[in-house]
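Asks: Structure: coords-v1.tsv, TSV, C-alpha atoms.
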```tsv
chain	number	residue	atom	x	y	z
Y	1079	MET	CA	-13.37	71.25	44.72
Y	1080	THR	CA	-13.22	71.76	48.50
Y	1081	GLU	CA	-14.44	68.51	49.93
Y	1082	GLU	CA	-11.81	68.77	52.73
Y	1083	ARG	CA	-11.97	64.97	53.19
Y	1084	GLY	CA	-15.24	65.28	55.07
Y	1085	ARG	CA	-13.74	67.33	57.91
Y	1086	ARG	CA	-16.21	68.59	60.44
Y	1087	PRO	CA	-16.82	72.21	61.51
Y	1088	GLY	CA	-16.23	73.33	65.09
Y	1089	ASN	CA	-19.45	72.49	66.98
Y	1090	PRO	CA	-20.33	70.45	70.09
Y	1091	GLN	CA	-20.77	67.28	68.03
Y	1092	THR	CA	-17.29	67.79	66.60
Y	1093	ARG	CA	-15.86	68.19	70.08
Y	1094	ASP	CA	-17.54	64.94	71.11
Y	1095	ALA	CA	-16.09	63.19	68.07
Y	1096	ILE	CA	-12.61	64.43	68.95
Y	1097	MET	CA	-13.02	63.31	72.54
Y	1098	GLU	CA	-14.19	59.87	71.44
Y	1099	ALA	CA	-11.17	59.55	69.13
Y	1100	ALA	CA	-8.83	60.73	71.88
Y	1101	VAL	CA	-10.14	58.30	74.48
Y	1102	GLY	CA	-9.88	55.49	71.94
Y	1103	SER	CA	-6.30	56.42	71.12
Y	1104	PHE	CA	-5.18	56.79	74.73
Y	1105	THR	CA	-6.85	53.47	75.50
Y	1106	ALA	CA	-5.28	51.60	72.57
Y	1107	LYS	CA	-1.89	53.33	72.27
Y	1108	GLY	CA	-1.20	55.03	75.59
Y	1109	TYR	CA	-0.18	58.62	76.21
Y	1110	ALA	CA	3.20	58.65	74.49
Y	1111	GLN	CA	2.00	57.19	71.18
Y	1112	THR	CA	-1.13	59.34	70.93
Y	1113	THR	CA	-0.74	62.44	68.75
Y	1114	ILE	CA	-2.91	65.45	68.00
Y	1115	ARG	CA	-2.62	64.68	64.29
Y	1116	GLY	CA	-3.67	61.06	64.78
Y	1117	VAL	CA	-6.67	62.00	66.90
Y	1118	ALA	CA	-7.68	64.62	64.34
Y	1119	ARG	CA	-7.41	62.11	61.50
Y	1120	THR	CA	-9.65	59.61	63.35
Y	1121	ALA	CA	-12.19	62.31	64.18
Y	1122	GLY	CA	-12.17	63.67	60.61
Y	1123	VAL	CA	-11.11	67.18	61.59
Y	1124	ASP	CA	-8.15	69.49	61.11
Y	1125	PRO	CA	-5.49	69.26	63.87
Y	1126	ALA	CA	-5.97	72.99	64.46
Y	1127	LEU	CA	-9.53	72.27	65.59
Y	1128	VAL	CA	-8.27	69.82	68.22
Y	1129	MET	CA	-5.96	72.55	69.48
Y	1130	HIS	CA	-8.85	75.02	69.44
Y	1131	PHE	CA	-10.97	72.84	71.72
Y	1132	PHE	CA	-8.27	71.40	74.01
Y	1133	GLY	CA	-5.22	73.64	73.73
Y	1134	SER	CA	-2.57	70.92	73.79
Y	1135	LYS	CA	-2.02	67.19	74.06
Y	1136	ASP	CA	-2.01	67.59	77.85
Y	1137	GLY	CA	-5.36	69.38	77.69
Y	1138	LEU	CA	-6.69	66.58	75.52
Y	1139	PHE	CA	-5.47	63.95	77.98
Y	1140	ALA	CA	-6.93	65.83	80.95
Y	1141	SER	CA	-10.30	65.86	79.22
Y	1142	ALA	CA	-9.92	62.17	78.40
Y	1143	ILE	CA	-9.30	61.47	82.08
Y	1144	ARG	CA	-12.50	63.27	83.00
Y	1145	GLN	CA	-14.35	61.33	80.30
Y	1146	SER	CA	-12.92	57.98	81.40
Y	1147	MET	CA	-12.45	58.16	85.15
Y	1148	PRO	CA	-15.62	57.87	87.26
Y	1149	ILE	CA	-15.10	61.13	89.14
Y	1150	GLU	CA	-18.74	62.16	89.47
Y	1151	GLY	CA	-19.90	58.59	90.03
Y	1152	LEU	CA	-17.34	58.01	92.76
Y	1153	ALA	CA	-17.94	61.38	94.40
Y	1154	ALA	CA	-21.63	60.46	94.69
Y	1155	SER	CA	-20.63	57.88	97.32
Y	1156	PHE	CA	-19.43	60.71	99.60
Y	1157	ASP	CA	-23.04	61.58	100.44
Y	1158	GLY	CA	-24.42	59.88	103.53
Y	1159	ASP	CA	-23.43	58.85	107.03
Y	1160	LEU	CA	-19.70	59.06	107.68
Y	1161	GLY	CA	-19.84	55.80	109.64
Y	1162	ASP	CA	-20.31	53.64	106.55
Y	1163	LEU	CA	-18.40	55.79	104.07
Y	1164	GLY	CA	-15.82	53.04	103.57
Y	1165	LEU	CA	-18.41	50.52	102.41
Y	1166	ARG	CA	-20.17	53.00	100.13
Y	1167	LEU	CA	-16.87	54.03	98.60
Y	1168	ALA	CA	-15.70	50.45	98.03
Y	1169	THR	CA	-19.03	49.33	96.59
Y	1170	ARG	CA	-19.33	52.24	94.19
Y	1171	TYR	CA	-15.68	52.06	93.09
Y	1172	LEU	CA	-15.79	48.34	92.32
Y	1173	SER	CA	-19.10	48.63	90.49
Y	1174	LEU	CA	-17.59	51.26	88.20
Y	1175	TRP	CA	-14.61	49.02	87.43
Y	1176	ASP	CA	-16.95	46.09	86.76
Y	1177	ASP	CA	-18.44	47.92	83.76
Y	1178	PRO	CA	-16.50	46.44	80.81
Y	1179	GLU	CA	-16.18	49.61	78.73
Y	1180	ARG	CA	-15.51	51.99	81.60
Y	1181	GLY	CA	-13.17	49.53	83.28
Y	1182	ALA	CA	-11.08	49.21	80.11
Y	1183	ARG	CA	-10.75	52.96	79.85
Y	1184	MET	CA	-9.84	53.33	83.51
Y	1185	ALA	CA	-7.18	50.65	83.12
Y	1186	ALA	CA	-5.76	52.48	80.10
Y	1187	ILE	CA	-5.53	55.72	82.07
Y	1188	LEU	CA	-3.68	53.96	84.89
Y	1189	HIS	CA	-1.31	52.37	82.37
Y	1190	ALA	CA	-0.64	55.76	80.76
Y	1191	ALA	CA	-0.01	57.39	84.13
Y	1192	ALA	CA	2.36	54.60	85.18
Y	1193	ALA	CA	4.32	54.83	81.92
Y	1194	THR	CA	4.56	58.57	81.34
Y	1195	PRO	CA	5.45	61.25	83.93
Y	1196	ALA	CA	3.43	63.93	82.12
Y	1197	ALA	CA	0.34	61.72	82.18
Y	1198	ALA	CA	0.95	60.87	85.84
Y	1199	ASP	CA	1.14	64.55	86.78
Y	1200	LEU	CA	-2.15	65.29	85.06
Y	1201	LEU	CA	-3.90	62.36	86.70
Y	1202	LYS	CA	-2.52	63.23	90.15
Y	1203	GLU	CA	-3.67	66.83	89.90
Y	1204	LEU	CA	-7.14	65.87	88.73
Y	1205	MET	CA	-7.53	63.30	91.51
Y	1206	ARG	CA	-6.31	65.76	94.14
Y	1207	GLN	CA	-8.61	68.55	93.01
Y	1208	GLU	CA	-11.76	66.58	92.26
Y	1209	LEU	CA	-11.63	63.55	94.57
Y	1210	VAL	CA	-9.06	63.76	97.36
Y	1211	ARG	CA	-9.77	67.28	98.54
Y	1212	PRO	CA	-13.59	66.98	98.35
Y	1213	LEU	CA	-13.33	63.73	100.34
Y	1214	ALA	CA	-10.99	65.38	102.85
Y	1215	THR	CA	-13.56	68.09	103.58
Y	1216	LEU	CA	-15.82	65.40	105.07
Y	1217	LEU	CA	-13.19	64.20	107.54
Y	1218	GLU	CA	-11.71	65.57	110.73
Y	1219	PRO	CA	-9.35	68.42	109.76
Y	1220	GLU	CA	-6.21	66.85	111.21
Y	1221	HIS	CA	-4.57	64.60	108.59
Y	1222	ALA	CA	-7.71	64.81	106.42
Y	1223	GLU	CA	-5.93	64.82	103.07
Y	1224	SER	CA	-3.51	62.10	104.17
Y	1225	ARG	CA	-6.47	59.96	105.22
Y	1226	ALA	CA	-8.10	60.42	101.81
Y	1227	LEU	CA	-4.84	59.53	100.03
Y	1228	LEU	CA	-4.38	56.39	102.11
Y	1229	ALA	CA	-7.89	55.30	101.16
Y	1230	ALA	CA	-6.94	55.92	97.53
Y	1231	THR	CA	-3.92	53.62	97.85
Y	1232	GLN	CA	-6.20	50.80	98.93
Y	1233	LEU	CA	-8.63	51.37	96.07
Y	1234	ILE	CA	-5.99	51.75	93.38
Y	1235	GLY	CA	-4.08	48.72	94.63
Y	1236	VAL	CA	-7.19	46.55	94.49
Y	1237	ALA	CA	-7.98	47.80	90.98
Y	1238	MET	CA	-4.47	47.06	89.74
Y	1239	LEU	CA	-4.49	43.50	91.08
Y	1240	ARG	CA	-8.11	42.62	90.24
Y	1241	TYR	CA	-8.74	44.40	86.94
Y	1242	VAL	CA	-5.34	45.17	85.40
Y	1243	LEU	CA	-3.06	42.29	86.47
Y	1244	ARG	CA	-6.07	40.00	87.00
Y	1245	MET	CA	-4.57	38.06	89.89
Y	1246	GLU	CA	-6.58	35.19	91.32
Y	1247	PRO	CA	-8.44	34.62	93.53
Y	1248	LEU	CA	-8.99	38.39	93.74
Y	1249	THR	CA	-10.33	38.60	90.19
Y	1250	SER	CA	-12.99	35.95	90.77
Y	1251	MET	CA	-14.12	37.19	94.18
Y	1252	PRO	CA	-17.73	38.45	94.09
Y	1253	THR	CA	-17.84	42.23	94.06
Y	1254	ASP	CA	-19.99	42.54	97.18
Y	1255	GLN	CA	-17.69	40.21	99.10
Y	1256	LEU	CA	-14.60	42.17	98.05
Y	1257	ALA	CA	-16.26	45.48	98.92
Y	1258	ALA	CA	-17.19	44.20	102.37
Y	1259	THR	CA	-13.64	42.90	102.87
Y	1260	ILE	CA	-11.81	46.12	102.06
Y	1261	ALA	CA	-14.40	48.48	103.58
Y	1262	PRO	CA	-13.09	48.22	107.19
Y	1263	THR	CA	-9.59	49.20	106.05
Y	1264	LEU	CA	-10.98	52.13	104.11
Y	1265	GLN	CA	-13.07	53.16	107.10
Y	1266	ARG	CA	-10.05	52.99	109.42
Y	1267	TYR	CA	-8.02	55.16	107.07
Y	1268	LEU	CA	-10.84	57.67	106.78
Y	1269	THR	CA	-12.12	57.93	110.34
Y	1270	GLY	CA	-10.10	55.66	112.64
Y	1271	ALA	CA	-8.89	57.41	115.78
Y	1272	ASP	CA	-5.61	55.49	115.85
Y	1273	SER	CA	-4.65	55.86	112.17
Y	1274	PHE	CA	-1.94	58.42	112.89
Y	1275	ALA	CA	-1.37	57.72	116.57
Y	1276	THR	CA	2.26	56.67	116.14
Y	1277	THR	CA	3.33	59.56	113.91
Y	1278	GLY	CA	4.23	63.11	114.61
Y	1279	GLU	CA	2.68	64.32	111.39
Y	1280	GLY	CA	0.37	67.29	111.54
Y	1281	ARG	CA	-1.63	69.21	109.03
```
Will you turn the file into structure tokens for me?
Replies:
Amino acid sequence: MTEERGRRPGNPQTRDAIMEAAVGSFTAKGYAQTTIRGVARTAGVDPALVMHFFGSKDGLFASAIRQSMPIEGLAASFDGDLGDLGLRLATRYLSLWDDPERGARMAAILHAAAATPAAADLLKELMRQELVRPLATLLEPEHAESRALLAATQLIGVAMLRYVLRMEPLTSMPTDQLAATIAPTLQRYLTGADSFATTGEGR
């Protein structure tokens, strides 16, 4: 008999099942402890099928980042007047973290990136290509990418303290109050005329 332990054929639903298993594994175990074989076992497929869809563990993790990180949702805040971009960005970013399921997955991705150089490289490249550079195109050309990266340091730092380390009183601060508090700093990084006044850096 060829029951094959209920393994699934290669179709879009199978790919979704693999991705769900991968995100769950990266969330629960981190990058280093997640394996192609383990993900395949959870998804009920042959490991070769995981390789067929994603190519490698790095490809699987990159797809998990896209599944877990709010790239499209955050990029939607780029639309609108440049003068209040900082507030839109802060509000949208915090609202995404406030979602319990998405926030847990985002925290797991940050943990994996902090713990494993390979995971960090994948996350950095994805952020640069799909968030930092698109944001930089909205800004004045000089120092545009540096401005976007500085804004990212503020956002990631807040997320680490509020949602990962859960440090009070930051964790209990109402989301709209926190967004309004960090928005001026984000706006200064993004559009402030004096942000790079004391440096000789050029782009």
Asks: Which of these, Y:Ala1118, Y:Pro1252, Y:Ala1261, Y:Phe1131, has the shortest distance to Ser1173 in chain Y once you count all atoms listed in the file?
Replies: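 Closest to Ser1173 in chain Y of all the choices is Y:Pro1252.
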Asks: Distance CA of Gln1232 in chain Y-CA of Pro1178 in chain Y, one decimal place?
Replies: 21.3 Å
Asks: So what do you get for CA of Leu1256 in chain Y versus CA of Leu1201 in chain Y, distance-wise?
Replies: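 Taking CA of Leu1256 in chain Y and CA of Leu1201 in chain Y, their separation equals 25.5 Å.
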Asks: Tell me which residues come within 12 Å of (-14.2, 48.4, 80.3), as a ChimeraX atom specification, counting only C-alpha atoms in the file's coordinates.
Replies: /Y:1102,1105,1146-1148,1173-1187,1241-1242
Asks: Grab the CA of Ala1237 in chain Y to CA of Thr1249 in chain Y distance for me, in Å with one decimal place.
Replies: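 Between CA of Ala1237 in chain Y and CA of Thr1249 in chain Y the gap is 9.5 Å.
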Asks: Please identify all polymer residues within 10 Å of range 1149-1156 of chain Y, counting only C-alpha atoms, omitting same-chain residues fewer than 2 positions from it, and present them as a list in words.
Replies: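 Counting only the stated atoms, we get Ile1143, Arg1144, Gln1145, Ser1146, Met1147, Gly1158, Asp1159, Leu1160, Asp1162, Leu1163, Gly1164, Leu1165, Arg1166, Leu1167, Ala1168, Thr1169, Arg1170, Tyr1171, Leu1172, Ser1173, Leu1174, Leu1204, Met1205, Glu1208, Leu1209, Val1210, Pro1212, Leu1213 and Leu1216 of chain Y.
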Asks: Could you pull the residues within 10 Å of Leu1227 in chain Y, counting all atoms listed in the file, minus those fewer than 3 positions along the same chain, as a list of chain:residue names?
Replies: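 After dropping sequence-adjacent residues, the list is Y:Met1205, Y:Arg1206, Y:Leu1209, Y:Val1210, Y:Arg1211, Y:Leu1213, Y:Ala1214, Y:His1221, Y:Ala1222, Y:Glu1223, Y:Ser1224, Y:Ala1230, Y:Thr1231, Y:Gln1232, Y:Leu1233, Y:Tyr1267, Y:Leu1268.
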Asks: Pick out the closest residue to Ala1271 in chain Y from this set: Y:Ala1197, Y:Val1123, Y:Val1117, Y:Leu1217. Count only C-alpha atoms.
Replies: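 Going through Y:Ala1197, Y:Val1123, Y:Val1117, Y:Leu1217 one by one, the smallest distance to Ala1271 in chain Y is for Y:Leu1217.
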Asks: Smallest atom-to-atom distance to Gly1235 in chain Y: which of Y:Ala1193, Y:Ile1260, Y:Gly1137, Y:Gly1122, using all atoms listed in the file?
Replies: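 Among the listed residues, Y:Ile1260 lies closest to Gly1235 in chain Y.
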Asks: Hey, what's within 12 Å of Ala1110 in chain Y if we count all atoms listed in the file and toss same-chain stuff fewer than 4 positions away? As a list in words, please?
Replies: Ser1103, Phe1104, Thr1105, Ala1106, Ile1114, Lys1135, Asp1136, Phe1139, Ile1187, His1189, Ala1190, Ala1191, Ala1192, Ala1193, Thr1194, Pro1195, Ala1196, Ala1197 and Ala1198 of chain Y
Asks: Since we have the selection now, will you write its residues out, keeping C-alpha atoms, as an mmCIF file, keeping the file's coordinate frame?
Replies:
```cif
data_model
loop_
_atom_site.group_PDB
_atom_site.id
_atom_site.type_symbol
_atom_site.label_atom_id
_atom_site.label_comp_id
_atom_site.auth_asym_id
_atom_site.auth_seq_id
_atom_site.Cartn_x
_atom_site.Cartn_y
_atom_site.Cartn_z
ATOM 1 C CA SER Y 1103 -6.300 56.420 71.120
ATOM 2 C CA PHE Y 1104 -5.180 56.790 74.730
ATOM 3 C CA THR Y 1105 -6.850 53.470 75.500
ATOM 4 C CA ALA Y 1106 -5.280 51.600 72.570
ATOM 5 C CA ILE Y 1114 -2.910 65.450 68.000
ATOM 6 C CA LYS Y 1135 -2.020 67.190 74.060
ATOM 7 C CA ASP Y 1136 -2.010 67.590 77.850
ATOM 8 C CA PHE Y 1139 -5.470 63.950 77.980
ATOM 9 C CA ILE Y 1187 -5.530 55.720 82.070
ATOM 10 C CA HIS Y 1189 -1.310 52.370 82.370
ATOM 11 C CA ALA Y 1190 -0.640 55.760 80.760
ATOM 12 C CA ALA Y 1191 -0.010 57.390 84.130
ATOM 13 C CA ALA Y 1192 2.360 54.600 85.180
ATOM 14 C CA ALA Y 1193 4.320 54.830 81.920
ATOM 15 C CA THR Y 1194 4.560 58.570 81.340
ATOM 16 C CA PRO Y 1195 5.450 61.250 83.930
ATOM 17 C CA ALA Y 1196 3.430 63.930 82.120
ATOM 18 C CA ALA Y 1197 0.340 61.720 82.180
ATOM 19 C CA ALA Y 1198 0.950 60.870 85.840
#
```
Asks: Kindly indicate which residue among Y:Met1097, Y:Met1129, Y:Ala1140, Y:Val1236 lies nearest to Ala1257 in chain Y, using all atoms listed in the file for the distances.
Replies: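 Checking each candidate against Ala1257 in chain Y, we get Y:Val1236 as the closest.
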Asks: Restricting the calculation to only C-alpha atoms, which member of Y:Ala1226, Y:Gln1207, Y:Ile1234, Y:His1130 is positioned closest to Leu1188 in chain Y?
Replies: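 That would be Y:Ile1234, the residue with the smallest distance to Leu1188 in chain Y.
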